[in-house]
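Novice: I'm passing along protein_25.txt; it holds compact mmCIF, C-alpha atoms.
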```txt
# COMPACT_ATOMS: atom_id res chain seq x y z
CA MET A 477 -7.02 14.09 7.97
CA ASN A 478 -4.46 16.90 8.09
CA GLN A 479 -1.42 14.68 7.41
CA THR A 480 -0.21 12.91 4.28
CA PRO A 481 -1.44 9.27 4.44
CA ALA A 482 1.32 6.74 5.12
CA ALA A 483 0.59 4.99 1.80
CA ASN A 484 1.43 8.19 -0.11
CA ARG A 485 4.79 8.72 1.61
CA LEU A 486 8.18 7.54 0.41
CA GLN A 487 8.73 4.28 2.32
CA ILE A 488 12.26 3.89 3.71
CA GLY A 489 13.47 0.70 5.38
CA ILE A 490 16.50 0.56 7.71
CA PHE A 491 18.18 -2.87 7.69
CA GLY A 492 21.25 -4.41 9.26
CA ARG A 493 22.62 -6.63 11.99
CA ARG A 494 21.73 -6.29 15.64
CA ASN A 495 23.58 -3.34 17.20
CA ALA A 496 24.71 -2.02 13.82
CA GLY A 497 23.16 1.31 14.77
CA LYS A 498 19.87 1.22 12.85
CA SER A 499 17.83 2.90 15.58
CA SER A 500 20.65 5.34 16.32
CA LEU A 501 20.71 6.34 12.67
CA ILE A 502 16.99 7.11 12.71
CA ASN A 503 17.42 9.20 15.84
CA ALA A 504 20.37 11.08 14.34
CA LEU A 505 18.44 11.65 11.13
CA THR A 506 15.35 12.99 12.88
CA GLY A 507 17.13 14.82 15.67
CA GLN A 508 14.93 13.17 18.29
CA ASN A 509 14.60 9.89 20.19
CA THR A 510 12.30 8.32 17.63
CA ALA A 511 13.59 4.76 18.13
CA ILE A 512 14.66 2.94 21.31
CA VAL A 513 18.43 2.52 21.52
CA ASP A 514 20.23 0.05 23.79
CA THR A 515 23.47 -1.93 23.71
CA THR A 516 21.52 -5.15 24.25
CA PRO A 517 21.25 -7.03 20.92
CA GLY A 518 17.71 -7.37 19.60
CA THR A 519 16.23 -4.23 21.14
CA THR A 520 14.10 -3.73 18.03
CA THR A 521 11.74 -6.70 17.59
CA ASP A 522 8.89 -6.21 15.10
CA PRO A 523 9.37 -3.54 12.41
CA VAL A 524 8.41 -0.13 13.77
CA GLY A 525 7.20 2.59 11.39
CA LYS A 526 7.41 6.35 11.90
CA ALA A 527 5.91 9.06 9.70
CA MET A 528 8.04 12.19 9.37
CA GLU A 529 9.09 14.97 7.00
CA ILE A 530 12.55 15.23 5.42
CA ALA A 531 13.33 18.55 3.80
CA GLY A 532 13.88 18.04 0.08
CA ILE A 533 11.83 14.84 -0.08
CA GLY A 534 8.72 15.73 1.88
CA PRO A 535 6.60 13.15 3.74
CA VAL A 536 8.33 9.83 4.37
CA PHE A 537 7.61 6.70 6.39
CA ILE A 538 10.67 5.05 7.96
CA TYR A 539 10.76 1.44 9.17
CA ASP A 540 13.19 0.44 11.92
CA THR A 541 13.65 -3.34 11.66
CA ALA A 542 15.00 -6.22 13.72
CA GLY A 543 18.53 -7.45 13.10
CA ILE A 544 18.97 -9.69 10.06
CA ASP A 545 21.38 -11.83 12.13
CA ASP A 546 18.84 -12.58 14.89
CA VAL A 547 18.94 -16.18 16.13
CA GLY A 548 16.70 -18.77 17.70
CA GLU A 549 13.07 -19.59 16.96
CA LEU A 550 11.83 -16.14 17.98
CA GLY A 551 14.75 -14.50 16.17
CA GLY A 552 13.84 -16.35 13.00
CA LYS A 553 10.32 -14.94 13.19
CA ARG A 554 11.74 -11.45 13.68
CA VAL A 555 13.94 -11.84 10.61
CA ALA A 556 10.92 -13.02 8.61
CA ARG A 557 9.00 -9.91 9.67
CA THR A 558 11.99 -7.76 8.71
CA LYS A 559 12.12 -9.28 5.24
CA GLU A 560 8.40 -8.68 4.72
CA VAL A 561 9.13 -4.96 4.99
CA ILE A 562 11.11 -5.28 1.75
CA HIS A 563 7.81 -5.59 -0.12
CA LYS A 564 6.59 -2.25 1.27
CA ILE A 565 9.53 0.07 0.81
CA ASN A 566 10.88 2.20 -2.03
CA LEU A 567 14.30 2.98 -0.56
CA ALA A 568 16.46 0.63 1.54
CA VAL A 569 19.25 1.73 3.88
CA VAL A 570 21.63 -1.04 4.95
CA VAL A 571 23.48 -0.10 8.14
CA THR A 572 26.76 -1.88 8.81
CA THR A 573 30.39 -1.25 9.75
CA PHE A 574 33.60 -1.80 7.81
CA SER A 575 34.63 -4.61 10.18
CA THR A 576 31.33 -6.54 10.04
CA PHE A 577 30.35 -6.14 6.38
CA ASP A 578 30.47 -9.59 4.75
CA ASN A 579 28.33 -12.10 2.83
CA LEU A 580 25.28 -11.50 5.04
CA GLU A 581 25.10 -7.87 3.94
CA SER A 582 25.95 -8.75 0.33
CA GLU A 583 23.10 -11.27 0.18
CA LEU A 584 20.72 -8.76 1.76
CA ILE A 585 21.68 -6.10 -0.80
CA ALA A 586 21.16 -8.57 -3.64
CA GLU A 587 17.70 -9.44 -2.28
CA LEU A 588 16.79 -5.77 -1.85
CA LYS A 589 17.87 -4.86 -5.38
CA LYS A 590 15.32 -7.32 -6.80
CA THR A 591 12.34 -5.31 -5.52
CA VAL A 592 13.45 -1.96 -4.05
CA ASP A 593 13.92 1.16 -6.19
CA SER A 594 17.21 2.20 -4.55
CA VAL A 595 19.66 0.82 -1.98
CA VAL A 596 22.06 2.90 0.11
CA VAL A 597 24.76 1.45 2.39
CA VAL A 598 25.77 3.25 5.58
CA PHE A 599 29.08 2.35 7.22
CA ASN A 600 28.38 3.42 10.80
CA LYS A 601 30.83 4.08 13.67
CA SER A 602 33.32 6.04 11.57
CA ASP A 603 34.65 7.52 14.82
CA VAL A 604 36.14 4.14 15.81
CA ALA A 605 36.30 2.21 12.51
CA VAL A 606 39.08 1.85 9.94
CA ARG A 607 37.93 2.38 6.36
CA ASP A 608 38.12 -0.56 3.97
CA GLU A 609 38.67 0.57 0.36
CA GLU A 610 38.19 -2.96 -0.96
CA LYS A 611 34.64 -3.07 0.38
CA GLU A 612 33.95 0.43 -0.91
CA ASN A 613 35.16 -0.51 -4.39
CA ALA A 614 33.00 -3.64 -4.38
CA LEU A 615 29.93 -1.46 -3.77
CA LYS A 616 31.02 1.00 -6.48
CA GLN A 617 31.27 -1.82 -9.01
CA LYS A 618 27.70 -2.85 -8.19
CA GLY A 619 26.44 0.73 -8.49
CA ILE A 620 25.52 0.94 -4.80
CA SER A 621 25.72 4.35 -3.12
CA TYR A 622 27.41 4.36 0.29
CA ILE A 623 28.59 6.72 3.01
CA SER A 624 30.72 6.49 6.15
CA LEU A 625 29.34 8.28 9.21
CA SER A 626 29.01 8.24 12.98
CA CYS A 627 25.70 8.35 14.80
CA THR A 628 27.60 9.11 18.00
CA THR A 629 29.55 12.18 16.81
CA ARG A 630 27.06 12.99 14.00
CA GLU A 631 29.91 13.06 11.47
CA ASN A 632 28.44 13.09 7.92
CA ILE A 633 24.83 12.89 9.15
CA ASP A 634 24.02 15.99 7.09
CA LYS A 635 25.69 14.42 4.06
CA PHE A 636 23.62 11.28 4.60
CA ARG A 637 20.46 13.38 4.72
CA THR A 638 21.50 15.00 1.43
CA MET A 639 22.10 11.54 -0.07
CA LEU A 640 18.58 10.49 0.97
CA VAL A 641 17.14 13.62 -0.61
CA GLU A 642 18.98 13.08 -3.88
CA THR A 643 18.01 9.41 -4.01
CA GLY A 644 14.44 9.73 -2.72
CA SER A 645 13.49 12.64 -4.95
CA LYS A 646 14.00 10.40 -8.01
CA ILE A 647 11.56 7.74 -6.80
CA ASN A 648 7.92 7.85 -7.89
CA VAL A 649 5.89 6.60 -4.92
CA GLU A 650 2.37 6.48 -6.40
CA ASN A 651 0.64 7.19 -9.68
CA SER A 652 0.42 10.94 -10.19
CA THR A 653 -3.38 11.09 -10.24
CA ILE A 654 -6.46 9.11 -9.29
CA ILE A 655 -8.90 10.37 -11.93
CA GLY A 656 -7.03 13.23 -13.64
CA ASP A 657 -6.87 11.31 -16.91
CA LEU A 658 -10.64 10.69 -16.85
CA ILE A 659 -11.79 14.30 -16.47
CA ASN A 660 -11.09 17.74 -17.93
CA GLN A 661 -10.65 21.15 -16.36
CA GLY A 662 -14.01 22.52 -15.25
CA ASP A 663 -15.81 19.15 -15.30
CA VAL A 664 -18.28 18.34 -12.55
CA VAL A 665 -17.69 15.05 -10.73
CA MET A 666 -20.45 13.77 -8.48
CA LEU A 667 -19.50 11.68 -5.46
CA VAL A 668 -22.12 9.46 -3.81
CA VAL A 669 -21.12 8.93 -0.19
CA PRO A 670 -23.33 6.86 2.11
CA ILE A 671 -23.24 7.80 5.79
CA ASP A 672 -23.62 4.44 7.54
CA LEU A 673 -22.46 2.88 10.80
CA GLY A 674 -18.99 2.31 9.39
CA ALA A 675 -18.43 5.97 8.49
CA PRO A 676 -16.06 7.79 10.88
CA LYS A 677 -17.84 10.40 12.97
CA GLY A 678 -17.37 13.94 11.73
CA ARG A 679 -15.40 13.14 8.56
CA LEU A 680 -15.23 11.13 5.36
CA ILE A 681 -13.14 8.02 4.84
CA LEU A 682 -9.65 8.28 3.35
CA PRO A 683 -10.40 7.24 -0.28
CA GLN A 684 -13.21 9.82 -0.50
CA VAL A 685 -10.97 12.57 0.85
CA GLN A 686 -8.17 11.66 -1.56
CA VAL A 687 -10.52 11.66 -4.56
CA ILE A 688 -11.89 15.08 -3.61
CA ARG A 689 -8.34 16.44 -3.37
CA ASP A 690 -7.44 14.91 -6.75
CA ILE A 691 -10.50 16.51 -8.37
CA LEU A 692 -9.48 19.89 -6.99
CA ASP A 693 -5.87 19.38 -8.09
CA ASN A 694 -7.17 18.84 -11.63
CA ASP A 695 -9.21 22.08 -11.57
CA ALA A 696 -12.55 20.30 -11.66
CA VAL A 697 -15.67 20.66 -9.51
CA THR A 698 -16.87 18.11 -6.99
CA VAL A 699 -20.47 17.68 -5.80
CA THR A 700 -20.90 15.30 -2.86
CA VAL A 701 -24.26 13.77 -1.95
CA LYS A 702 -25.73 10.81 -0.12
CA GLU A 703 -27.42 8.16 -2.20
CA ARG A 704 -30.90 9.37 -1.19
CA GLU A 705 -30.21 12.84 -2.61
CA LEU A 706 -28.60 11.63 -5.84
CA VAL A 707 -31.60 11.97 -8.14
CA HIS A 708 -32.40 15.45 -6.82
CA ALA A 709 -28.78 16.54 -7.24
CA LEU A 710 -28.67 15.31 -10.84
CA GLU A 711 -31.85 17.24 -11.62
CA GLU A 712 -30.39 20.41 -10.15
CA LEU A 713 -27.30 20.35 -12.36
CA LYS A 714 -27.45 22.44 -15.53
CA ASN A 715 -25.38 19.83 -17.39
CA PRO A 716 -24.79 16.13 -16.58
CA PRO A 717 -21.66 15.37 -14.55
CA ALA A 718 -18.60 14.08 -16.41
CA LEU A 719 -18.34 11.19 -13.95
CA VAL A 720 -20.22 9.74 -10.98
CA ILE A 721 -18.24 7.89 -8.31
CA CYS A 722 -20.04 5.95 -5.59
CA ASP A 723 -19.37 3.66 -2.68
CA SER A 724 -19.40 0.04 -3.86
CA GLN A 725 -22.09 -0.92 -1.37
CA VAL A 726 -24.66 1.31 -3.11
CA VAL A 727 -23.53 0.69 -6.68
CA LEU A 728 -26.73 -1.16 -7.65
CA LYS A 729 -29.01 1.66 -6.53
CA VAL A 730 -26.76 4.35 -8.00
CA SER A 731 -26.51 2.57 -11.36
CA GLY A 732 -30.32 2.63 -11.52
CA ASP A 733 -30.49 6.34 -10.72
CA VAL A 734 -27.69 7.48 -13.03
CA PRO A 735 -28.51 7.44 -16.78
CA ASP A 736 -26.38 5.09 -18.88
CA SER A 737 -25.03 8.09 -20.78
CA ILE A 738 -23.17 9.27 -17.66
CA PRO A 739 -19.91 7.39 -16.83
CA LEU A 740 -20.06 5.61 -13.48
CA THR A 741 -17.50 3.84 -11.29
CA THR A 742 -16.72 3.27 -7.59
CA PHE A 743 -14.07 4.50 -5.17
CA SER A 744 -12.71 0.98 -4.71
CA ILE A 745 -12.33 0.45 -8.45
CA LEU A 746 -10.48 3.76 -8.74
CA PHE A 747 -8.07 2.58 -6.06
CA SER A 748 -7.64 -0.81 -7.73
CA ARG A 749 -6.02 1.11 -10.58
CA LEU A 750 -4.10 3.54 -8.36
CA LYS A 751 -2.64 0.83 -6.13
CA GLY A 752 -2.53 -2.32 -8.21
CA ASP A 753 -2.74 -3.98 -11.61
CA PHE A 754 -6.11 -3.00 -13.06
CA LYS A 755 -6.21 -5.61 -15.83
CA GLU A 756 -5.17 -8.36 -13.43
CA PHE A 757 -8.07 -7.39 -11.16
CA VAL A 758 -10.51 -7.33 -14.08
CA ASN A 759 -9.44 -10.80 -15.20
CA GLY A 760 -9.59 -12.08 -11.63
CA THR A 761 -13.10 -10.74 -11.18
CA ARG A 762 -14.42 -12.76 -14.11
CA HIS A 763 -13.11 -15.88 -12.38
CA ILE A 764 -16.04 -15.61 -9.95
CA ASP A 765 -18.08 -17.49 -12.56
CA LYS A 766 -15.61 -20.40 -12.36
CA LEU A 767 -15.88 -20.98 -8.61
CA LYS A 768 -17.05 -24.47 -7.63
CA ASP A 769 -18.62 -26.03 -4.57
CA GLY A 770 -16.04 -26.36 -1.81
CA ASP A 771 -13.68 -23.68 -3.16
CA ARG A 772 -12.05 -21.41 -0.62
CA VAL A 773 -12.01 -17.64 -1.08
CA LEU A 774 -9.58 -15.38 0.78
CA ILE A 775 -10.76 -11.93 1.86
CA MET A 776 -7.58 -9.85 2.17
CA GLU A 777 -7.70 -6.61 4.16
CA ALA A 778 -4.62 -4.41 4.35
CA CYS A 779 -5.57 -2.78 7.66
CA THR A 780 -7.24 -3.77 10.89
CA HIS A 781 -10.50 -2.17 11.93
CA HIS A 782 -13.39 -2.83 14.26
CA ALA A 783 -15.77 -5.20 12.49
CA GLN A 784 -19.37 -4.00 12.14
CA SER A 785 -22.36 -6.33 12.49
CA ASP A 786 -22.80 -6.25 8.71
CA ASP A 787 -19.10 -5.89 7.83
CA ILE A 788 -18.31 -5.50 4.16
CA GLY A 789 -15.49 -8.06 4.04
CA ARG A 790 -16.66 -10.55 6.63
CA VAL A 791 -20.40 -10.58 5.93
CA LYS A 792 -21.62 -8.75 2.82
CA ILE A 793 -19.14 -9.89 0.17
CA PRO A 794 -19.33 -13.59 1.18
CA ARG A 795 -23.14 -13.33 1.17
CA TRP A 796 -23.30 -11.63 -2.24
CA ILE A 797 -20.86 -14.09 -3.85
CA ARG A 798 -22.69 -17.12 -2.47
CA GLN A 799 -25.98 -15.70 -3.73
CA TYR A 800 -24.53 -14.90 -7.15
CA THR A 801 -22.74 -18.22 -7.71
CA GLY A 802 -25.17 -20.47 -5.87
CA LYS A 803 -22.12 -22.41 -4.70
CA ASN A 804 -21.14 -23.69 -1.29
CA LEU A 805 -17.98 -21.63 -0.73
CA GLU A 806 -15.67 -21.26 2.25
CA PHE A 807 -14.32 -17.81 3.15
CA ASP A 808 -11.20 -16.96 5.16
CA ILE A 809 -10.09 -13.47 6.11
CA VAL A 810 -6.61 -12.09 6.74
CA THR A 811 -6.08 -8.56 8.08
CA GLY A 812 -3.10 -6.33 8.64
CA PRO A 813 0.25 -5.68 6.98
CA TYR A 814 1.69 -9.20 7.00
CA MET A 815 0.78 -11.87 4.46
CA ASP A 816 1.75 -15.26 5.89
CA LYS A 817 -1.09 -17.31 4.42
CA ASP A 818 -0.65 -20.27 2.07
CA LEU A 819 -2.35 -18.71 -0.95
CA SER A 820 -2.22 -21.83 -3.11
CA LYS A 821 -5.27 -23.38 -1.43
CA TYR A 822 -7.62 -20.63 -2.58
CA GLY A 823 -9.78 -20.43 -5.68
CA LEU A 824 -9.94 -16.63 -5.52
CA ILE A 825 -8.46 -13.75 -3.53
CA ILE A 826 -10.48 -10.58 -2.94
CA SER A 827 -8.43 -7.59 -1.77
CA CYS A 828 -9.75 -4.48 -0.10
CA GLY A 829 -9.27 -1.13 -1.83
CA ALA A 830 -5.75 -0.92 -0.32
CA CYS A 831 -6.07 2.73 0.72
CA MET A 832 -3.80 2.11 3.73
CA ILE A 833 -0.89 0.49 1.87
CA ASN A 834 1.24 1.74 -1.00
CA ARG A 835 1.24 0.60 -4.60
CA LYS A 836 4.47 -1.36 -4.18
CA GLU A 837 3.02 -3.51 -1.41
CA MET A 838 -0.21 -4.11 -3.34
CA LEU A 839 1.72 -5.15 -6.44
CA SER A 840 3.76 -7.51 -4.26
CA ARG A 841 0.54 -9.12 -3.04
CA ILE A 842 -0.65 -9.48 -6.63
CA ASP A 843 2.66 -11.10 -7.58
CA SER A 844 2.25 -13.54 -4.68
CA SER A 845 -1.13 -14.60 -6.03
CA LYS A 846 0.22 -14.92 -9.59
CA ASN A 847 3.11 -17.06 -8.38
CA VAL A 848 0.61 -19.72 -7.23
CA SER A 849 -1.79 -19.12 -10.16
CA VAL A 850 -4.63 -17.86 -7.96
CA PRO A 851 -6.80 -15.10 -9.51
CA ILE A 852 -7.16 -11.88 -7.52
CA THR A 853 -9.73 -9.09 -7.57
CA ASN A 854 -10.77 -6.31 -5.23
CA TYR A 855 -13.84 -5.37 -3.21
CA GLY A 856 -15.32 -2.88 -5.66
CA MET A 857 -14.98 -5.11 -8.70
CA ALA A 858 -16.28 -8.21 -6.93
CA ILE A 859 -19.31 -6.36 -5.55
CA SER A 860 -20.13 -4.77 -8.90
CA TYR A 861 -19.84 -8.16 -10.60
CA THR A 862 -22.31 -9.81 -8.24
CA GLN A 863 -24.69 -6.86 -8.66
CA GLY A 864 -24.66 -7.18 -12.46
CA VAL A 865 -23.10 -3.76 -13.17
CA PHE A 866 -19.45 -4.74 -13.61
CA GLU A 867 -19.11 -3.90 -17.30
CA ARG A 868 -20.58 -0.46 -16.72
CA VAL A 869 -18.29 0.53 -13.85
CA VAL A 870 -15.09 -0.52 -15.62
CA LYS A 871 -16.14 1.07 -18.92
CA PRO A 872 -14.63 4.53 -18.07
CA PHE A 873 -11.18 2.88 -18.01
CA LYS A 874 -11.50 1.45 -21.56
CA VAL A 875 -10.26 -2.05 -20.68
```
Please, can you express the file's structure as structure tokens?

Specialist:
Amino acid sequence: MNQTPAANRLQIGIFGRRNAGKSSLINALTGQNTAIVDTTPGTTTDPVGKAMEIAGIGPVFIYDTAGIDDVGELGGKRVARTKEVIHKINLAVVVTTFSTFDNLESELIAELKKTVDSVVVVFNKSDVAVRDEEKENALKQKGISYISLSCTTRENIDKFRTMLVETGSKINVENSTIIGDLINQGDVVMLVVPIDLGAPKGRLILPQVQVIRDILDNDAVTVTVKERELVHALEELKNPPALVICDSQVVLKVSGDVPDSIPLTTFSILFSRLKGDFKEFVNGTRHIDKLKDGDRVLIMEACTHHAQSDDIGRVKIPRWIRQYTGKNLEFDIVTGPYMDKDLSKYGLIISCGACMINRKEMLSRIDSSKNVSVPITNYGMAISYTQGVFERVVKPFKV
């Protein structure tokens, strides 16, 4: 837990044709053989991500992608994977040359500008290429920053790094705080953290660590207990805590132990606001009451992990929703970074807390659900709803 999580880093995507020099550019930028380079077209297949630090920006996550001109059935799948990266990134770098830049790059830039904060064009191979002022002027008219460089001779690599710094430093990756607007300096925030089979040995899970750091950054005090020690800890405090935050799986017990006068929410609900559209999740949660026999529900996890015998997404949430609704529902689960499901067949989508992806990607997933008019919620809200404590745990956010 000593590195900045990937979801909190500036996400940079490198795009271009096969053999345009995408991997070479990453290696020149980092000063090491980060990406595999070969003259054979299609060396990079699936998008490959690398966490690193760039002076002036800080922590970044760079995606090396397959060529946008890949061909054949397999090539088409590679291109599709490349385009999915667009929904993750904040800054796009299109690598090309003066001789090859044409409609393919122009269409890619137009597609990137719809969703990405900034687009930069790199004309590679300046050591052997002839500059084309007409193409440069076309980019200027569209407000696209560009640079001519050589990954082979390293000409203008430092200038490119400076361009990335100037562009990246203007991009806001995540919301500035998780709970800073809910607490004041000196407040005590109590965290209820179960230690179960799913807890990583010797440490806390990422959302808990990030909340603790945010509390400290806002000059408040954190008290961390297990659910069995909650009542004792509350009794030991001179004054009630300003906020109690618990794991969603123990929200029913915690809500019974914490007086109604003390604000209460869950880690997952905090992250639904940090990563996504809070009101959209709230509205989607209330759709649970509208589910009918035979409806399909999609459980959407952003990462892959070893499933426990009583896994939260695969076992507990389906069980709780079936018990709450009394309906005969079908549940599907999709895991990992790629969303290639037909969402239109579902009556509800339930997303995980999204701690492993950035806000941009989560908002893209929400947009995908809205495009097919399928309501979406998240783990914490759905669990709290089925446990009968939903209104209480969203109350601190004044929705």

Novice: Applying 10 Å and only C-alpha atoms, which residues near region 737-743 of chain A remain after dropping the ones on its own chain fewer than 5 positions away? List them as an MDAnalysis selection string.

Specialist: chainID A and resid 654 658 666:669 683:684 686:687 716:727 730:731 748 829 856:857 860 865:873

Novice: Can you tell me, as a ChimeraX atom specification, what residues are no more than 12 Å from Thr629 (chain A) when counting all atoms listed in the file, ignoring any on the same chain fewer than 6 positions away?

Specialist: /A:500-501,504,600-604

Novice: Please measure the separation of CA of Ile775 (chain A) and CA of Thr811 (chain A), giving the value in Å to one decimal.

Specialist: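 Separation between CA of Ile775 (chain A) and CA of Thr811 (chain A): 8.5 Å.
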
Novice: Which one of A:Ala858, A:Leu710, A:Leu567, A:Leu805 sits closest to Arg485 (chain A) if you count all atoms listed in the file?

Specialist: A:Leu567

Novice: Tell me which of A:Ile764, A:Ile562, A:Ala542, A:Ile488 sits closest to Met528 (chain A), counting only C-alpha atoms.

Specialist: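 Among the listed residues, the smallest separation from Met528 (chain A) belongs to A:Ile488.
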
Novice: Please determine, counting all atoms listed in the file, which residue among A:Ile490, A:Ile533, A:Ile852, A:Leu746 has the shortest atom-to-atom distance to Asp690 (chain A).

Specialist: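 When distances to Asp690 (chain A) are compared using all atoms listed in the file, the smallest one comes from A:Leu746.
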
Novice: Need the shell around Ile633 (chain A): protein/DNA/RNA residues with any atom at most 12 Å away, counting all atoms listed in the file. Skip same-chain ones fewer than 6 positions apart. Format as a PDB file with C-alpha atoms, in the coordinates of the input?

Specialist:
```pdb
ATOM      1  CA  SER A 500      20.650   5.340  16.320  1.00  0.00           C
ATOM      2  CA  LEU A 501      20.710   6.340  12.670  1.00  0.00           C
ATOM      3  CA  ILE A 502      16.990   7.110  12.710  1.00  0.00           C
ATOM      4  CA  ASN A 503      17.420   9.200  15.840  1.00  0.00           C
ATOM      5  CA  ALA A 504      20.370  11.080  14.340  1.00  0.00           C
ATOM      6  CA  LEU A 505      18.440  11.650  11.130  1.00  0.00           C
ATOM      7  CA  THR A 506      15.350  12.990  12.880  1.00  0.00           C
ATOM      8  CA  GLY A 507      17.130  14.820  15.670  1.00  0.00           C
ATOM      9  CA  VAL A 598      25.770   3.250   5.580  1.00  0.00           C
ATOM     10  CA  PHE A 599      29.080   2.350   7.220  1.00  0.00           C
ATOM     11  CA  ASN A 600      28.380   3.420  10.800  1.00  0.00           C
ATOM     12  CA  LYS A 601      30.830   4.080  13.670  1.00  0.00           C
ATOM     13  CA  SER A 602      33.320   6.040  11.570  1.00  0.00           C
ATOM     14  CA  ILE A 623      28.590   6.720   3.010  1.00  0.00           C
ATOM     15  CA  SER A 624      30.720   6.490   6.150  1.00  0.00           C
ATOM     16  CA  LEU A 625      29.340   8.280   9.210  1.00  0.00           C
ATOM     17  CA  SER A 626      29.010   8.240  12.980  1.00  0.00           C
ATOM     18  CA  CYS A 627      25.700   8.350  14.800  1.00  0.00           C
ATOM     19  CA  MET A 639      22.100  11.540  -0.070  1.00  0.00           C
ATOM     20  CA  LEU A 640      18.580  10.490   0.970  1.00  0.00           C
TER      21      LEU A 640
END
```

Novice: From the options A:Asp765, A:Glu712, A:Glu581, A:Glu529, which residue's atoms come nearest to Thr862 (chain A), counting only C-alpha atoms?

Specialist: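 Looking only at the distances to Thr862 (chain A), the closest residue turns out to be A:Asp765.
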